[in-house]
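Novice: So I've got this file, entry.cif, and it contains mmCIF, C-alpha atoms:
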data_coords
#
loop_
_atom_site.label_atom_id
_atom_site.label_comp_id
_atom_site.auth_asym_id
_atom_site.auth_seq_id
_atom_site.Cartn_x
_atom_site.Cartn_y
_atom_site.Cartn_z
CA MET C 8 26.66 45.39 109.95
CA THR C 9 23.60 46.67 108.07
CA ASN C 10 25.48 49.66 106.75
CA ARG C 11 28.15 47.39 105.40
CA PHE C 12 25.79 46.11 102.75
CA VAL C 13 24.07 49.34 101.79
CA CYS C 14 24.41 50.40 98.19
CA LEU C 15 25.63 47.10 96.85
CA ILE C 16 25.66 47.62 93.14
CA VAL C 17 25.63 45.31 90.22
CA ALA C 18 28.99 46.45 88.98
CA LEU C 19 30.60 45.10 92.08
CA ALA C 20 28.92 41.75 91.81
CA ILE C 21 30.83 40.43 88.86
CA THR C 22 32.11 37.18 90.23
CA ALA C 23 31.01 35.07 87.32
CA THR C 24 33.44 36.23 84.69
CA ILE C 25 37.02 37.33 85.01
CA ALA C 26 38.96 37.60 81.78
CA VAL C 27 42.58 36.52 81.71
CA ASP C 28 44.62 34.89 79.02
CA VAL C 29 45.92 31.64 80.38
CA ARG C 30 45.48 27.95 79.70
CA ALA C 31 45.29 25.22 82.28
CA ASP C 32 48.16 23.34 80.76
CA ASP C 33 50.32 26.43 81.23
CA ALA C 34 49.18 27.11 84.75
CA GLN C 35 51.87 26.71 87.38
CA PHE C 36 51.39 27.68 90.98
CA GLU C 37 53.64 28.55 93.89
CA GLN C 38 53.67 26.26 96.88
CA PRO C 39 50.45 26.65 98.87
CA VAL C 40 50.36 29.07 101.76
CA GLU C 41 47.78 28.62 104.48
CA ILE C 42 45.57 31.65 104.95
CA THR C 43 45.04 33.17 108.37
CA ALA C 44 42.49 35.75 109.43
CA GLY C 45 43.59 37.69 112.47
CA THR C 46 45.75 35.11 114.18
CA LYS C 47 43.68 32.06 113.30
CA THR C 48 43.64 29.63 110.42
CA PHE C 49 40.32 28.13 109.30
CA ALA C 50 40.99 24.80 110.98
CA TYR C 51 37.82 25.24 113.05
CA VAL C 52 35.54 25.54 110.01
CA SER C 53 33.73 22.50 108.58
CA TYR C 54 34.41 22.32 104.86
CA PRO C 55 35.53 25.92 104.43
CA SER C 56 34.63 27.41 101.07
CA PRO C 57 36.43 30.66 100.21
CA VAL C 58 35.06 33.38 97.94
CA LEU C 59 36.44 36.86 97.33
CA GLN C 60 33.73 39.51 97.16
CA ASP C 61 33.50 43.25 97.72
CA LEU C 62 30.73 43.26 100.28
CA ASN C 63 30.66 46.92 101.22
CA GLY C 64 31.41 48.61 97.92
CA ASP C 65 34.76 50.08 98.97
CA GLY C 66 36.53 48.56 95.98
CA LYS C 67 38.36 45.97 98.07
CA ARG C 68 37.29 42.36 98.20
CA GLU C 69 36.59 40.69 101.47
CA LEU C 70 37.32 37.03 102.08
CA VAL C 71 34.02 35.20 102.58
CA ILE C 72 34.02 31.68 103.98
CA GLY C 73 31.01 29.38 103.70
CA ASP C 74 30.77 26.23 105.78
CA LEU C 75 28.95 22.92 105.87
CA TRP C 76 26.34 24.23 108.29
CA GLY C 77 25.22 27.04 106.01
CA ARG C 78 26.91 29.91 107.76
CA LEU C 79 28.99 32.70 106.26
CA GLN C 80 31.91 34.53 107.78
CA PHE C 81 33.94 37.32 106.26
CA ALA C 82 37.27 39.01 106.86
CA GLU C 83 38.42 42.46 105.81
CA ARG C 84 41.63 42.75 103.89
CA ALA C 85 44.50 44.36 105.69
CA SER C 86 48.01 45.17 104.59
CA VAL C 87 50.86 44.28 106.89
CA ASN C 88 54.27 45.46 105.71
CA GLY C 89 52.97 45.56 102.18
CA LYS C 90 51.77 41.95 102.35
CA ALA C 91 48.10 41.15 102.05
CA GLU C 92 46.63 39.73 105.23
CA TRP C 93 43.16 39.33 106.64
CA GLU C 94 41.60 40.78 109.72
CA ALA C 95 39.81 38.52 112.19
CA VAL C 96 36.55 37.12 110.84
CA ALA C 97 33.03 38.20 111.72
CA ASN C 98 29.74 36.51 110.94
CA MET C 99 27.81 37.82 107.96
CA GLN C 100 24.42 39.07 109.02
CA THR C 101 21.02 39.82 107.57
CA ALA C 102 19.55 43.30 107.42
CA GLU C 103 17.86 42.49 110.75
CA GLY C 104 21.20 41.82 112.41
CA LYS C 105 20.85 38.04 112.58
CA ASP C 106 23.67 35.78 111.53
CA ILE C 107 23.00 34.50 108.04
CA LYS C 108 22.26 30.79 108.17
CA PHE C 109 21.20 28.80 105.13
CA SER C 110 19.26 25.72 106.18
CA ASN C 111 21.39 22.67 105.60
CA TRP C 112 19.05 19.89 106.65
CA MET T 19 28.45 25.52 101.03
CA THR T 20 29.82 27.91 98.43
CA PRO T 21 28.13 31.31 98.22
CA GLN T 22 27.77 32.94 94.83
CA PHE T 23 27.30 36.70 94.94
CA VAL T 24 25.10 37.67 92.04
CA ASP T 25 22.16 39.98 91.30
CA PHE T 26 19.83 37.04 90.83
CA ASN T 27 16.58 39.01 90.56
CA ALA T 28 18.07 41.98 88.68
CA ASP T 29 16.96 44.59 91.21
CA GLY T 30 20.37 46.24 91.44
CA PHE T 31 21.39 44.57 94.69
CA THR T 32 23.68 41.63 95.13
CA ASP T 33 22.05 38.40 96.31
CA ILE T 34 23.62 35.23 97.66
CA VAL T 35 22.88 31.99 95.80
CA THR T 36 24.04 28.71 97.23
CA GLY T 37 23.28 25.05 97.69
CA THR T 38 23.49 23.32 101.03
CA PHE T 39 23.46 19.81 102.39
CA ASP T 40 19.66 19.85 102.39
CA GLY T 41 19.84 19.10 98.66
CA SER T 42 18.26 22.32 97.41
CA PRO T 43 19.26 25.73 96.05
CA HIS T 44 18.84 28.70 98.38
CA ILE T 45 18.93 32.45 98.10
CA SER T 46 19.35 35.42 100.39
CA TYR T 47 18.03 38.47 98.56
CA GLY T 48 19.97 41.68 98.89
CA SER T 49 18.28 45.05 99.30
CA GLU T 50 19.23 48.56 100.25
CA ALA T 51 19.00 47.49 103.89
CA GLY T 52 21.16 44.39 103.49
CA PHE T 53 20.64 40.69 103.04
CA GLY T 54 17.32 39.03 103.75
CA GLU T 55 16.52 35.80 105.54
CA PRO T 56 17.60 32.89 103.30
CA THR T 57 14.92 30.92 101.51
CA HIS T 58 14.67 28.12 98.98
CA ILE T 59 14.60 28.90 95.28
CA LEU T 60 11.40 27.35 93.97
CA ASP T 61 10.58 25.84 90.60
CA GLY T 62 7.94 27.10 88.18
CA GLU T 63 5.20 25.24 90.06
CA GLY T 64 6.19 26.73 93.39
CA ASN T 65 7.88 23.59 94.67
CA ARG T 66 11.24 23.18 96.26
CA MET T 67 13.91 21.86 93.91
CA LEU T 68 15.39 18.81 95.56
CA LEU T 69 18.20 16.48 94.65
CA SER T 70 19.07 14.50 97.72
CA GLN T 71 19.16 11.17 99.39
CA PHE T 72 18.64 10.12 102.97
CA TRP T 73 19.18 7.11 105.18
CA ASP T 74 15.94 5.26 105.79
CA TYR T 75 16.26 3.80 109.28
CA ASN T 76 13.36 1.45 108.72
CA ASP T 77 14.60 -0.04 105.46
CA LYS T 78 18.25 0.49 106.42
CA SER T 79 19.08 1.81 102.99
CA TRP T 80 19.73 5.04 101.13
CA GLN T 81 16.65 6.46 99.47
CA GLY T 82 16.07 9.04 96.76
CA SER T 83 17.85 10.55 93.77
CA GLY T 84 19.75 7.46 92.71
CA GLY T 85 22.63 8.15 95.03
CA GLN T 86 23.00 11.79 94.08
CA HIS T 87 22.94 14.66 96.51
CA CYS T 88 23.02 18.34 95.60
CA ILE T 89 25.11 20.54 97.86
CA SER T 90 25.90 23.37 95.46
CA ALA T 91 24.03 25.77 93.22
CA ALA T 92 25.18 28.44 90.83
CA ALA T 93 23.32 30.98 88.73
CA PHE T 94 24.41 30.94 85.11
CA ASP T 95 22.73 32.22 81.97
CA TRP T 96 23.15 28.90 80.20
CA ASP T 97 21.25 29.81 77.02
CA ASP T 98 22.28 33.48 76.94
CA ASP T 99 18.68 34.68 76.92
CA GLY T 100 19.27 37.34 79.54
CA ASP T 101 18.12 35.47 82.63
CA TYR T 102 19.82 33.22 85.10
CA ASP T 103 19.37 29.48 84.90
CA LEU T 104 20.57 27.27 87.75
CA LEU T 105 23.31 24.69 87.93
CA LEU T 106 22.94 22.11 90.69
CA GLY T 107 25.99 20.14 91.74
CA ASP T 108 26.01 16.65 93.21
CA TYR T 109 28.80 15.96 95.66
CA ARG T 110 28.64 12.15 95.66
CA LYS T 111 29.12 11.28 91.99
CA GLY T 112 30.21 14.74 90.91
CA LEU T 113 27.29 15.13 88.51
CA LEU T 114 25.92 18.45 87.34
CA TYR T 115 22.32 19.34 86.55
CA LEU T 116 20.61 22.29 84.93
CA ARG T 117 17.31 23.96 85.70
CA MET T 118 16.35 26.26 82.87
CA ASN T 119 14.60 29.52 83.65
CA ASN T 120 11.69 30.04 81.28
CA GLY T 121 10.78 33.37 82.81
CA THR T 122 12.93 36.37 83.59
CA ASN T 123 15.28 37.30 86.40
CA ALA T 124 12.55 39.38 88.05
CA LYS T 125 9.95 36.64 87.53
CA PRO T 126 11.79 33.35 87.15
CA VAL T 127 10.00 30.20 86.06
CA PHE T 128 12.34 27.30 86.59
CA ASP T 129 11.81 23.93 84.97
CA VAL T 130 10.44 21.21 87.22
CA GLU T 131 12.94 18.67 85.89
CA ASN T 132 16.69 18.44 86.13
CA ILE T 133 18.60 18.33 82.86
CA GLN T 134 21.86 16.44 83.18
CA VAL T 135 24.90 18.35 81.97
CA MET T 136 27.00 16.24 79.63
CA LEU T 137 30.60 16.10 78.49
CA GLY T 138 30.04 14.98 74.93
CA ASP T 139 28.03 11.77 75.20
CA LYS T 140 28.98 11.15 78.83
CA PRO T 141 27.64 12.78 81.98
CA PHE T 142 29.64 15.61 83.47
CA ALA T 143 31.17 13.87 86.47
CA VAL T 144 33.98 14.90 88.77
CA ALA T 145 35.91 11.84 89.86
CA GLY T 146 35.60 11.43 93.61
CA GLY T 147 32.66 13.83 93.83
CA MET T 148 32.32 17.58 93.40
CA SER T 149 32.43 20.36 95.97
CA ALA T 150 30.86 23.21 94.00
CA PRO T 151 31.10 24.50 90.42
CA ARG T 152 32.64 27.95 90.11
CA LEU T 153 31.95 29.90 86.96
CA VAL T 154 34.86 31.79 85.48
CA ASP T 155 36.27 32.63 82.08
CA TRP T 156 39.55 30.91 82.78
CA ASP T 157 41.06 31.26 79.32
CA GLY T 158 39.68 34.67 78.41
CA ASP T 159 37.82 33.48 75.32
CA GLY T 160 34.55 35.08 76.36
CA LEU T 161 32.95 31.79 77.37
CA THR T 162 32.29 30.78 80.94
CA ASP T 163 34.29 27.78 82.06
CA ILE T 164 33.78 25.68 85.18
CA VAL T 165 36.43 25.31 87.86
CA THR T 166 35.69 22.93 90.67
CA GLY T 167 37.36 20.99 93.43
CA GLY T 168 37.11 17.30 94.21
CA MET T 169 35.61 15.95 97.40
CA SER T 170 36.95 12.53 98.39
CA ARG T 171 39.88 12.64 95.96
CA GLY T 172 40.63 16.34 96.19
CA GLY T 173 42.31 18.22 93.36
CA VAL T 174 41.10 21.23 91.39
CA TYR T 175 39.85 20.83 87.84
CA LEU T 176 39.04 23.03 84.87
CA TYR T 177 36.22 22.14 82.50
CA ARG T 178 36.84 24.35 79.51
CA ASN T 179 33.78 25.66 77.66
CA THR T 180 34.41 24.77 74.02
CA GLY T 181 30.89 25.59 72.83
CA GLN T 182 29.35 28.90 71.90
CA LEU T 183 27.66 31.70 73.75
CA GLY T 184 24.25 30.29 74.69
CA LYS T 185 25.32 26.73 73.80
CA PRO T 186 27.92 25.68 76.34
CA GLU T 187 29.83 22.47 75.77
CA PHE T 188 32.45 21.39 78.23
CA ALA T 189 35.67 19.56 77.53
CA PRO T 190 36.97 16.81 79.82
CA ALA T 191 38.64 17.86 83.04
CA GLU T 192 42.07 19.44 83.00
CA PRO T 193 43.73 19.32 86.40
CA LEU T 194 44.81 22.70 87.72
CA LEU T 195 45.98 21.14 90.95
CA ALA T 196 46.56 17.42 91.19
CA ARG T 197 45.41 15.76 94.33
CA GLU T 198 47.94 16.46 97.04
CA THR T 199 49.48 13.32 98.36
CA THR T 200 49.15 12.88 102.08
CA ASP T 201 52.08 14.60 103.69
CA PRO T 202 53.82 12.47 106.28
CA GLN T 203 54.76 15.38 108.46
CA ALA T 204 52.22 18.12 108.59
CA ALA T 205 49.20 19.81 107.14
CA LYS T 206 50.70 21.59 104.17
CA ALA T 207 47.99 21.43 101.54
CA PRO T 208 44.36 20.40 101.08
CA SER T 209 43.85 16.88 99.80
CA THR T 210 40.12 16.28 100.28
CA GLY T 211 36.93 18.36 100.33
CA CYS T 212 38.44 21.00 98.06
CA TYR T 213 36.34 24.12 97.54
CA VAL T 214 37.95 26.52 95.11
CA GLU T 215 37.83 30.20 94.26
CA ALA T 216 39.60 31.30 91.06
CA ALA T 217 40.43 34.99 91.36
CA ASP T 218 43.29 37.41 90.82
CA TYR T 219 44.41 37.45 94.43
CA ASP T 220 47.62 39.42 94.03
CA GLY T 221 46.45 41.82 91.32
CA ASP T 222 49.00 40.73 88.70
CA GLY T 223 46.42 40.02 86.02
CA ASP T 224 46.17 36.26 86.19
CA LEU T 225 43.96 33.92 88.12
CA ASP T 226 45.19 32.46 91.38
CA LEU T 227 43.45 29.80 93.40
CA LEU T 228 42.11 29.86 96.93
CA VAL T 229 41.33 26.36 98.07
CA GLY T 230 39.43 25.45 101.19
CA GLY T 231 39.50 21.86 102.30
CA TYR T 232 41.16 19.29 104.48
CA ALA T 233 44.81 18.45 104.78
CA ASN T 234 45.44 14.86 105.73
CA TRP T 235 48.67 13.66 107.22
CA ASN T 236 50.16 10.99 109.35
CA SER T 237 52.07 11.81 112.48
CA GLN T 238 55.11 9.90 113.63
CA ARG T 239 55.39 7.77 110.52
CA GLN T 240 58.77 6.07 110.53
CA SER T 241 60.84 3.57 108.60
CA LEU T 242 60.31 0.10 110.01
CA THR T 243 62.83 -2.69 110.49
CA GLU T 244 62.00 -6.12 109.12
CA GLU T 245 61.14 -7.27 112.62
CA GLN T 246 58.81 -4.32 113.09
CA GLN T 247 57.19 -4.93 109.72
CA GLN T 248 56.53 -8.52 110.75
CA ARG T 249 54.99 -7.30 113.98
CA VAL T 250 52.76 -4.90 112.06
CA LYS T 251 51.50 -7.79 109.94
CA GLU T 252 50.71 -9.81 113.06
CA LEU T 253 48.89 -6.88 114.60
CA GLN T 254 46.91 -6.22 111.44
CA LYS T 255 45.83 -9.86 111.37
CA GLN T 256 44.77 -9.66 115.01
CA GLN T 257 42.95 -6.42 114.30
CA THR T 258 40.98 -8.02 111.45
CA GLU T 259 40.05 -11.03 113.56
CA VAL T 260 38.97 -9.06 116.58
CA THR T 261 37.02 -6.59 114.45
CA GLU T 262 35.11 -9.39 112.77
CA LYS T 263 34.17 -10.85 116.15
CA ILE T 264 33.03 -7.47 117.44
CA GLN T 265 30.94 -7.04 114.29
CA GLN T 266 29.25 -10.34 115.02
CA PHE T 267 28.32 -9.02 118.46
CA SER T 268 27.08 -5.80 116.91
CA LYS T 269 24.94 -7.68 114.40
CA ALA T 270 23.43 -9.78 117.16
CA MET T 271 22.70 -6.61 119.11
CA ASP T 272 21.11 -4.98 116.05
CA ASP T 273 18.84 -7.99 115.67
CA GLN T 274 17.78 -7.76 119.30
CA LEU T 275 17.34 -4.00 119.08
CA SER T 276 15.05 -4.39 116.08
CA LYS T 277 12.85 -6.69 118.16
CA ALA T 278 12.88 -4.47 121.25
CA GLN T 279 9.55 -2.68 121.54
CA THR T 280 10.41 0.02 124.06
CA ALA T 281 13.28 2.36 124.84
CA GLU T 282 13.76 0.54 128.10
CA ALA T 283 14.07 -2.77 126.28
CA ARG T 284 16.61 -1.26 123.89
CA ARG T 285 18.68 0.09 126.76
CA ALA T 286 18.63 -3.35 128.34
CA VAL T 287 19.93 -4.93 125.14
CA ILE T 288 22.82 -2.46 124.98
CA ALA T 289 23.63 -2.89 128.67
CA GLU T 290 23.62 -6.65 128.31
CA MET T 291 26.12 -6.55 125.49
CA ARG T 292 28.41 -4.13 127.31
CA ALA T 293 28.39 -6.42 130.33
CA ASN T 294 29.26 -9.45 128.24
CA LYS T 295 32.72 -10.67 129.32
CA GLU T 296 33.80 -11.86 125.88
CA TYR T 297 32.69 -8.59 124.26
CA LYS T 298 34.63 -6.56 126.81
CA GLU T 299 37.75 -8.66 126.24
CA LEU T 300 37.41 -8.14 122.51
CA THR T 301 37.09 -4.37 122.77
CA ASP T 302 40.04 -4.22 125.17
CA LYS T 303 42.07 -6.29 122.73
CA GLN T 304 41.04 -4.08 119.84
CA ARG T 305 42.15 -0.99 121.75
CA ALA T 306 45.51 -2.50 122.68
CA VAL T 307 46.21 -3.64 119.11
CA SER T 308 45.30 -0.22 117.70
CA GLN T 309 47.58 1.54 120.15
CA GLU T 310 50.53 -0.70 119.34
CA LEU T 311 49.90 -0.33 115.62
CA MET T 312 49.83 3.42 116.04
CA LYS T 313 53.36 3.33 117.45
CA PHE T 314 54.57 1.85 114.17
CA GLN T 315 52.25 3.45 111.69
CA GLY T 316 51.63 6.83 113.23
CA GLN T 317 48.25 8.42 113.61
CA SER T 318 46.16 9.76 110.77
CA LYS T 319 45.29 13.39 111.25
CA ARG T 320 43.07 15.78 109.38
CA ALA T 321 42.64 19.52 109.61
CA ALA T 322 40.60 22.06 107.70
CA GLY T 323 42.00 25.24 106.30
CA VAL T 324 42.17 27.62 103.35
CA TRP T 325 45.26 27.70 101.19
CA LEU T 326 46.43 30.20 98.60
CA TYR T 327 48.05 29.08 95.37
CA ILE T 328 49.60 32.04 93.62
CA ARG T 329 49.99 31.51 89.93
CA LYS T 330 53.59 31.78 88.73
#
Could the structure of this file be written out as structure tokens, please?
Specialist:
Amino acid sequence: MTNRFVCLIVALAITATIAVDVRADDAQFEQPVEITAGTKTFAYVSYPSPVLQDLNGDGKRELVIGDLWGRLQFAERASVNGKAEWEAVANMQTAEGKDIKFSNW
Amino acid sequence: MTPQFVDFNADGFTDIVTGTFDGSPHISYGSEAGFGEPTHILDGEGNRMLLSQFWDYNDKSWQGSGGQHCISAAAFDWDDDGDYDLLLGDYRKGLLYLRMNNGTNAKPVFDVENIQVMLGDKPFAVAGGMSAPRLVDWDGDGLTDIVTGGMSRGGVYLYRNTGQLGKPEFAPAEPLLARETTDPQAAKAPSTGCYVEAADYDGDGDLDLLVGGYANWNSQRQSLTEEQQQRVKELQKQQTEVTEKIQQFSKAMDDQLSKAQTAEARRAVIAEMRANKEYKELTDKQRAVSQELMKFQGQSKRAAGVWLYIRK
């Protein structure tokens, strides 16, 4: 796990600003599709909060899920028959190999 | 809890900024070795920033922060002076607060007071409460907008930044996703507790939405005959009556519990009420009425998940 986060660079941390030319009143979306990671949905997560972030600097964004309890999980992106899918989740960990847990109480 | 991945201390490594249910902003600093143990982000006087409320068991009331409770935090260079300030989001009233950084990223000095973010002359407030503000230039005008999801009422909303660089001003909410109505059949979309990520998921150059939250639906809902509708009304009346009587028992028990001096005395109070014949008949009646009502009305269900909305 430690190696996964080595050499994280600023250029890959740009989550704050993504430039596209759209307006909300023009925005139309397809019907929602529930995301699965591995074979599971996120039904077991309390208040799942998704974020896309390249955690390991390979140029591909992982799916990170925060929860009510202050934990973080992530899933690697996989491609199945050309369709984007997600591998099974793993817990995000500190450099010491402990699961990251933000105090929530 | 929404993580924001950002180089908060400008050391070249990505950190994780977030708010949690403890009412404060947190950070896990990144380094060459990986992420560190999370810690609170402190203000300029070294104190924990706190925007929370709690249930006071003695006074039996909510205390602190005027009913607001921070569960989200986001780093944002509000005044464009080269360092990150902090936005703190309140989930109950959907309010947003700012802590200005009077130092630098490497040596931040955050204000000790919250500044309320406004929409014109009114407070920034997400109807039904706010999950977490996400910062994104939605319309590509070079200014950072806010996209957020609703808590109790769901939905996803855009607050367009109509100000200037270093002087953000936000326009009233524009719905990106209206609140999903409760689906009678199955969990098809999130309708409460909506946490949103705005990102180009499919690589086609526009922003899609990933929304975590809860789908709410009702199983076995059916069309009722007039006779059944009448029966439902009768059952609902019975349910109200029996519930009121049970509440009277509960209040009496609360009064006795407040006078009980020891744990043993409190257990005795609870045991006495459970053994009360009338109380037992009431709870049995309540259960039977609920089960019969469920046959007509179905059962409310709720499930968490993450849903993808691809932009057309």
Novice: Quote the spacing between atom CA of T:Lys263 and atom CA of T:Gln304 in Å to one decimal place.
Specialist: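 Going from atom CA of T:Lys263 over to atom CA of T:Gln304, I get 10.3 Å.
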Novice: Determine the residue membership of the PyMOL selection byres ((chain T and resi 34) around 10) for the file above and supply it as an MDAnalysis selection string.
Specialist: chainID T and resid 20:26 32:33 35:36 44:48 53:54 56 92:93
Novice: Store the residues of this selection in a file with C-alpha atoms, as a CSV table (one decimal), in the frame of the given file.
Specialist:
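The resulting file, result13.csv, is shown below:
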chain,number,residue,atom,x,y,z
T,20,THR,CA,29.8,27.9,98.4
T,21,PRO,CA,28.1,31.3,98.2
T,22,GLN,CA,27.8,32.9,94.8
T,23,PHE,CA,27.3,36.7,94.9
T,24,VAL,CA,25.1,37.7,92.0
T,25,ASP,CA,22.2,40.0,91.3
T,26,PHE,CA,19.8,37.0,90.8
T,32,THR,CA,23.7,41.6,95.1
T,33,ASP,CA,22.0,38.4,96.3
T,35,VAL,CA,22.9,32.0,95.8
T,36,THR,CA,24.0,28.7,97.2
T,44,HIS,CA,18.8,28.7,98.4
T,45,ILE,CA,18.9,32.4,98.1
T,46,SER,CA,19.4,35.4,100.4
T,47,TYR,CA,18.0,38.5,98.6
T,48,GLY,CA,20.0,41.7,98.9
T,53,PHE,CA,20.6,40.7,103.0
T,54,GLY,CA,17.3,39.0,103.8
T,56,PRO,CA,17.6,32.9,103.3
T,92,ALA,CA,25.2,28.4,90.8
T,93,ALA,CA,23.3,31.0,88.7
Novice: Against chain C, which residues of chain T fall within 7 Å? For each one I want the closest pair of atoms and the distance in Å (one decimal), counting all atoms listed in the file, rows by chain and increasing residue number, as CSV.
Specialist:
residue,atom,partner,partner_atom,distance
T:Met19,CA,C:Asp74,CA,5.3
T:Thr20,CA,C:Ser56,CA,5.5
T:Pro21,CA,C:Gly73,CA,6.5
T:Phe23,CA,C:Ala20,CA,6.2
T:Val24,CA,C:Ala20,CA,5.6
T:Asp25,CA,C:Val17,CA,6.5
T:Gly30,CA,C:Val17,CA,5.5
T:Phe31,CA,C:Leu15,CA,5.4
T:Thr32,CA,C:Leu15,CA,6.1
T:Thr38,CA,C:Asn111,CA,5.1
T:Phe39,CA,C:Asn111,CA,4.8
T:Asp40,CA,C:Trp112,CA,4.3
T:Glu50,CA,C:Val13,CA,5.1
T:Ala51,CA,C:Ala102,CA,5.5
T:Gly52,CA,C:Ala102,CA,4.4
T:Phe53,CA,C:Thr101,CA,4.6
T:Gly54,CA,C:Thr101,CA,5.4
T:Glu55,CA,C:Thr101,CA,6.4
T:Pro56,CA,C:Phe109,CA,5.7
T:Leu153,CA,C:Ala23,CA,5.3
T:Val154,CA,C:Thr24,CA,4.7
T:Asp155,CA,C:Thr24,CA,5.3
T:Trp156,CA,C:Val27,CA,6.5
T:Asp157,CA,C:Val29,CA,5.0
T:Gly158,CA,C:Ala26,CA,4.5
T:Thr162,CA,C:Thr24,CA,6.7
T:Glu192,CA,C:Ala31,CA,6.7
T:Leu194,CA,C:Ala31,CA,6.0
T:Ala207,CA,C:Pro39,CA,6.4
T:Gly211,CA,C:Tyr54,CA,6.5
T:Tyr213,CA,C:Ser56,CA,5.1
T:Val214,CA,C:Pro57,CA,6.7
T:Glu215,CA,C:Val58,CA,5.6
T:Gly223,CA,C:Val27,CA,6.8
T:Asp224,CA,C:Val27,CA,5.7
T:Leu228,CA,C:Pro57,CA,6.6
T:Val229,CA,C:Pro57,CA,6.9
T:Gly230,CA,C:Pro55,CA,5.1
T:Gly231,CA,C:Tyr54,CA,5.7
T:Ala321,CA,C:Ala50,CA,5.7
T:Ala322,CA,C:Ala50,CA,4.3
T:Gly323,CA,C:Phe49,CA,4.5
T:Val324,CA,C:Ile42,CA,5.5
T:Trp325,CA,C:Glu41,CA,4.2
T:Leu326,CA,C:Val40,CA,5.2
T:Tyr327,CA,C:Pro39,CA,4.9
T:Ile328,CA,C:Glu37,CA,5.3
T:Arg329,CA,C:Phe36,CA,4.2
T:Lys330,CA,C:Phe36,CA,5.2
Novice: Which value, in Å to one decimal, gives the distance between atom CA of T:Gly138 and atom CA of T:Phe188?
Specialist: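 The value is 7.6 Å.
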Novice: Residues proximal to (34.6, 24.0, 88.8) were defined as those with any atom within 7 Å of that point in the file's coordinates, counting all atoms listed in the file. Which are they, as a PyMOL selection string?
Specialist: chain T and resi 150-153+164-167+175-177
Novice: Would you translate the PyMOL selection byres ((chain T and resi 256) around 12) into the concrete set of residues it matches in this file, as a PDB file with C-alpha atoms, in the frame of the given file?
Specialist:
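And here is the file that came out, result13.pdb:
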ATOM      1  CA  ARG T 249      54.990  -7.300 113.980  1.00  0.00           C
ATOM      2  CA  VAL T 250      52.760  -4.900 112.060  1.00  0.00           C
ATOM      3  CA  LYS T 251      51.500  -7.790 109.940  1.00  0.00           C
ATOM      4  CA  GLU T 252      50.710  -9.810 113.060  1.00  0.00           C
ATOM      5  CA  LEU T 253      48.890  -6.880 114.600  1.00  0.00           C
ATOM      6  CA  GLN T 254      46.910  -6.220 111.440  1.00  0.00           C
ATOM      7  CA  LYS T 255      45.830  -9.860 111.370  1.00  0.00           C
ATOM      8  CA  GLN T 257      42.950  -6.420 114.300  1.00  0.00           C
ATOM      9  CA  THR T 258      40.980  -8.020 111.450  1.00  0.00           C
ATOM     10  CA  GLU T 259      40.050 -11.030 113.560  1.00  0.00           C
ATOM     11  CA  VAL T 260      38.970  -9.060 116.580  1.00  0.00           C
ATOM     12  CA  THR T 261      37.020  -6.590 114.450  1.00  0.00           C
ATOM     13  CA  GLU T 262      35.110  -9.390 112.770  1.00  0.00           C
ATOM     14  CA  LYS T 263      34.170 -10.850 116.150  1.00  0.00           C
ATOM     15  CA  LEU T 300      37.410  -8.140 122.510  1.00  0.00           C
ATOM     16  CA  LYS T 303      42.070  -6.290 122.730  1.00  0.00           C
ATOM     17  CA  GLN T 304      41.040  -4.080 119.840  1.00  0.00           C
ATOM     18  CA  ARG T 305      42.150  -0.990 121.750  1.00  0.00           C
ATOM     19  CA  ALA T 306      45.510  -2.500 122.680  1.00  0.00           C
ATOM     20  CA  VAL T 307      46.210  -3.640 119.110  1.00  0.00           C
ATOM     21  CA  SER T 308      45.300  -0.220 117.700  1.00  0.00           C
ATOM     22  CA  GLU T 310      50.530  -0.700 119.340  1.00  0.00           C
ATOM     23  CA  LEU T 311      49.900  -0.330 115.620  1.00  0.00           C
TER      24      LEU T 311
END
Novice: Translate the PyMOL selection byres ((chain T and resi 109) around 6) into a concrete residue list for this structure, as a PyMOL selection string.
Specialist: chain T and resi 108+110-112+147-149
Novice: Show me, as a list of chain:residue names, the residues that have an atom within 8 Å of stretch 62-65 of chain T when counting all atoms listed in the file, minus same-chain residues fewer than 3 positions from it.
Specialist: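 These residues fall inside the cut-off: T:Pro126, T:Val127, T:Phe128, T:Asp129, T:Val130.
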Novice: Atom CA of T:Met271 and atom CA of T:Arg284, how far apart in Å?
Specialist: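 If I compute the distance from atom CA of T:Arg284 to atom CA of T:Met271, I get 9.4 Å.
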